[in-house]
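Coordinates as given in final.cif (mmCIF, C-alpha atoms (C1' of nucleotides)):
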```cif
data_model
#
loop_
_atom_site.group_PDB
_atom_site.id
_atom_site.type_symbol
_atom_site.label_atom_id
_atom_site.label_comp_id
_atom_site.auth_asym_id
_atom_site.auth_seq_id
_atom_site.Cartn_x
_atom_site.Cartn_y
_atom_site.Cartn_z
ATOM 1 C CA MET A 1 -11.505 23.297 10.589
ATOM 2 C CA GLU A 2 -8.975 20.884 9.152
ATOM 3 C CA ILE A 3 -9.337 18.832 6.050
ATOM 4 C CA SER A 4 -9.657 15.087 6.453
ATOM 5 C CA VAL A 5 -6.842 12.613 5.996
ATOM 6 C CA GLN A 6 -8.277 11.262 2.799
ATOM 7 C CA GLU A 7 -8.542 14.739 1.327
ATOM 8 C CA GLN A 8 -4.898 15.358 2.146
ATOM 9 C CA LEU A 9 -4.064 12.079 0.470
ATOM 10 C CA TRP A 10 -6.083 13.028 -2.594
ATOM 11 C CA LEU A 11 -4.153 16.280 -2.826
ATOM 12 C CA LEU A 12 -0.810 14.507 -2.667
ATOM 13 C CA LEU A 13 -1.964 11.946 -5.189
ATOM 14 C CA SER A 14 -3.035 14.610 -7.646
ATOM 15 C CA GLN A 15 0.499 15.972 -7.613
ATOM 16 C CA ILE A 16 2.264 12.865 -8.826
ATOM 17 C CA PRO A 17 3.339 13.645 -12.393
ATOM 18 C CA GLU A 18 2.594 11.316 -15.287
ATOM 19 C CA GLY A 19 5.324 8.756 -15.825
ATOM 20 C CA ARG A 20 6.363 8.802 -12.177
ATOM 21 C CA PHE A 21 5.201 6.812 -9.173
ATOM 22 C CA THR A 22 5.453 6.645 -5.394
ATOM 23 C CA THR A 23 4.771 4.146 -2.638
ATOM 24 C CA TYR A 24 2.185 3.698 0.089
ATOM 25 C CA GLY A 25 4.881 4.153 2.693
ATOM 26 C CA ARG A 26 6.202 7.396 1.210
ATOM 27 C CA LEU A 27 2.720 8.884 1.068
ATOM 28 C CA ALA A 28 2.078 7.787 4.637
ATOM 29 C CA ALA A 29 5.325 9.408 5.734
ATOM 30 C CA MET A 30 4.094 12.731 4.346
ATOM 31 C CA LEU A 31 0.908 12.545 6.408
ATOM 32 C CA PRO A 32 1.645 12.721 10.148
ATOM 33 C CA GLY A 33 0.127 9.869 12.096
ATOM 34 C CA VAL A 34 -0.915 7.965 9.001
ATOM 35 C CA HIS A 35 0.243 4.414 8.425
ATOM 36 C CA ALA A 36 0.840 2.831 5.028
ATOM 37 C CA ARG A 37 -2.012 0.454 5.616
ATOM 38 C CA GLN A 38 -4.394 3.362 6.017
ATOM 39 C CA VAL A 39 -3.199 4.837 2.734
ATOM 40 C CA ALA A 40 -3.886 1.543 1.012
ATOM 41 C CA ARG A 41 -7.321 1.351 2.502
ATOM 42 C CA ILE A 42 -8.233 4.860 1.375
ATOM 43 C CA LEU A 43 -7.056 4.153 -2.161
ATOM 44 C CA SER A 44 -9.093 0.963 -2.185
ATOM 45 C CA GLN A 45 -12.178 3.048 -1.585
ATOM 46 C CA LEU A 46 -11.729 5.548 -4.405
ATOM 47 C CA PRO A 47 -14.757 5.695 -6.698
ATOM 48 C CA GLU A 48 -14.382 3.858 -9.981
ATOM 49 C CA GLY A 49 -14.475 6.765 -12.348
ATOM 50 C CA THR A 50 -11.902 8.769 -10.397
ATOM 51 C CA GLN A 51 -9.405 10.914 -12.215
ATOM 52 C CA LEU A 52 -6.846 10.548 -9.458
ATOM 53 C CA PRO A 53 -3.770 8.526 -10.495
ATOM 54 C CA TRP A 54 -4.209 5.674 -8.011
ATOM 55 C CA HIS A 55 -2.168 3.462 -10.322
ATOM 56 C CA ARG A 56 0.960 5.521 -9.581
ATOM 57 C CA VAL A 57 1.155 4.035 -6.086
ATOM 58 C CA VAL A 58 3.019 0.767 -5.506
ATOM 59 C CA ASN A 59 4.420 -1.095 -2.504
ATOM 60 C CA SER A 60 7.720 -0.530 -0.746
ATOM 61 C CA GLN A 61 9.468 -2.894 -3.092
ATOM 62 C CA PHE A 62 8.457 -0.823 -6.127
ATOM 63 C CA LYS A 63 6.214 -3.591 -7.318
ATOM 64 C CA VAL A 64 2.597 -3.297 -8.426
ATOM 65 C CA SER A 65 0.246 -5.010 -6.045
ATOM 66 C CA ASP A 66 -1.953 -6.232 -8.899
ATOM 67 C CA PHE A 67 -4.998 -6.594 -6.705
ATOM 68 C CA HIS A 68 -7.961 -8.738 -7.667
ATOM 69 C CA GLY A 69 -6.059 -10.152 -10.598
ATOM 70 C CA SER A 70 -6.792 -7.346 -13.059
ATOM 71 C CA GLY A 71 -3.545 -6.173 -14.585
ATOM 72 C CA GLU A 72 -5.062 -2.731 -14.995
ATOM 73 C CA GLN A 73 -2.456 -0.979 -12.878
ATOM 74 C CA SER A 74 0.428 -2.306 -14.954
ATOM 75 C CA GLU A 75 -1.399 -1.422 -18.158
ATOM 76 C CA ARG A 76 -1.959 2.153 -17.090
ATOM 77 C CA LEU A 77 1.659 2.528 -16.010
ATOM 78 C CA ARG A 78 2.996 1.200 -19.287
ATOM 79 C CA THR A 79 0.656 3.535 -21.124
ATOM 80 C CA GLU A 80 2.369 6.391 -19.316
ATOM 81 C CA GLY A 81 5.736 5.188 -20.534
ATOM 82 C CA LEU A 82 6.878 3.443 -17.372
ATOM 83 C CA LEU A 83 8.798 0.228 -17.823
ATOM 84 C CA VAL A 84 7.241 -2.538 -15.768
ATOM 85 C CA SER A 85 9.427 -5.616 -15.406
ATOM 86 C CA ALA A 86 8.064 -9.131 -15.763
ATOM 87 C CA SER A 87 7.863 -9.403 -11.981
ATOM 88 C CA GLY A 88 5.937 -6.141 -11.832
ATOM 89 C CA ARG A 89 8.826 -4.002 -10.657
ATOM 90 C CA LEU A 90 9.280 -0.329 -11.582
ATOM 91 C CA PRO A 91 12.479 1.625 -12.283
ATOM 92 C CA LYS A 92 13.738 3.283 -9.099
ATOM 93 C CA ASP A 93 14.806 6.440 -10.917
ATOM 94 C CA LYS A 94 11.166 7.358 -11.572
ATOM 95 C CA VAL A 95 10.083 7.558 -7.949
ATOM 96 C CA TRP A 96 8.269 10.637 -6.756
ATOM 97 C CA PRO A 97 9.383 12.754 -5.114
ATOM 98 C CA ASP A 98 12.997 12.510 -6.250
ATOM 99 C CA SER A 99 15.232 10.549 -3.966
ATOM 100 C CA VAL A 100 18.580 12.247 -3.975
ATOM 101 C CA LEU A 101 21.552 10.038 -3.271
ATOM 102 C "C1'" DA B 1 -14.791 -6.230 23.513
ATOM 103 C "C1'" DC B 2 -13.080 -9.925 20.111
ATOM 104 C "C1'" DT B 3 -12.157 -11.754 15.711
ATOM 105 C "C1'" DG B 4 -11.118 -11.781 10.886
ATOM 106 C "C1'" DT B 5 -9.632 -9.243 6.854
ATOM 107 C "C1'" DG B 6 -6.702 -6.275 3.898
ATOM 108 C "C1'" DA B 7 -4.305 -2.207 -3.012
ATOM 109 C "C1'" DC B 8 1.154 -2.571 3.668
ATOM 110 C "C1'" DC B 9 5.993 -2.998 5.805
ATOM 111 C "C1'" DA B 10 10.429 -4.719 7.983
ATOM 112 C "C1'" DT B 11 12.894 -8.609 9.081
ATOM 113 C "C1'" DC B 12 14.571 -13.273 8.743
ATOM 114 C "C1'" DG B 13 15.849 -17.785 6.627
ATOM 115 C "C1'" DG C 1 14.793 -12.981 -4.741
ATOM 116 C "C1'" DC C 2 11.051 -15.488 -2.490
ATOM 117 C "C1'" DG C 3 7.893 -16.900 1.057
ATOM 118 C "C1'" DA C 4 6.742 -16.885 5.966
ATOM 119 C "C1'" DT C 5 6.171 -14.176 10.214
ATOM 120 C "C1'" DG C 6 4.856 -10.553 13.266
ATOM 121 C "C1'" DG C 7 3.492 -5.853 13.574
ATOM 122 C "C1'" DC C 8 0.523 -2.306 12.292
ATOM 123 C "C1'" DC C 9 -4.164 0.041 12.008
ATOM 124 C "C1'" DA C 10 -9.030 0.822 10.455
ATOM 125 C "C1'" DC C 11 -13.271 -1.422 9.718
ATOM 126 C "C1'" DA C 12 -17.156 -4.837 9.459
ATOM 127 C "C1'" DG C 13 -19.725 -8.519 11.776
#
```
Go ahead and render the structure in this file as structure tokens.
Amino acid sequence: MEISVQEQLWLLLSQIPEGRFTTYGRLAAMLPGVHARQVARILSQLPEGTQLPWHRVVNSQFKVSDFHGSGEQSERLRTEGLLVSASGRLPKDKVWPDSVL
DNA sequence: ACTGTGACCATCG
DNA sequence: GCGATGGCCACAG
């Protein structure tokens, strides 16, 4: 018996520390056979009251998607101490996991 | 099976 | 840096 893709995603998500973020593509790359679009879809279906840090996931350009116009994602990120630029971009040195140069 | 849609991505101008 | 384009994949109608 193997756990479902979305459960694996939930596990990964729960491990992103406060004040850091990752991307759909990075998460997808950690789950064999999963495409970024599938990650996005799963996140879009999280229940409203969830404790999982869905807001710590942005697109490949490190920008918040700001779906359905609510700036909630940016708000949450700023609350955690992340600097969100005017264009919605996040600092690349706060990506999770660490990208070593 | 076919079509349209979407919290994406890489590439190009 | 931006918008358009094609590719991708799961899902609803």
Could you please select, counting only C-alpha atoms (C1' of nucleotides), the residues of chain B within 10 Å of chain A and state them as a PyMOL selection string? chain B and resi 6-9
I'd like the residues picked by the PyMOL selection byres ((chain C) within 9 of (chain A)) written out as a PyMOL selection string, using the chain letters and numbers from the file. chain C and resi 8-10
The PyMOL selection byres ((chain C and resi 13) around 12) resolved against shown file, as a PyMOL selection string: (chain B and resi 2-5) or (chain C and resi 11-12)
Enter the distance from CA of Leu27 in chain A to CA of Gly69 in chain A, in Å, rounded to one decimal. 24.0 Å
Work out how far CA of Ser70 in chain A is from CA of Leu90 in chain A, in Å to one decimal.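 If I compute the distance from CA of Leu90 in chain A to CA of Ser70 in chain A, I get 17.6 Å.
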Report the distance between CA of Arg76 in chain A and CA of Ser99 in chain A in Å, rounded to one decimal place.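 Between CA of Arg76 in chain A and CA of Ser99 in chain A the gap works out to 23.2 Å.
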Taking the file above as input, evaluate the PyMOL selection byres ((chain B and resi 10) around 10) and report the hits as a list of chain:residue names.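 What the PyMOL selection byres ((chain B and resi 10) around 10) grabs from the file is B:DC9, B:DT11, B:DC12, C:DG6, C:DG7.
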Identify which of the residues A:Glu72, A:Lys94, A:Leu46, A:Leu31 lies closest to Ser4 in chain A, counting only C-alpha atoms when measuring atom-to-atom distances.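 Using only C-alpha atoms, Ser4 in chain A sits closest to A:Leu31.
With all atoms listed in the file as the atoms that count, the minimum distance from Ile16 in chain A to the choices A:Met1, A:Met30, A:Leu52, A:Val84 is reached by A:Leu52.
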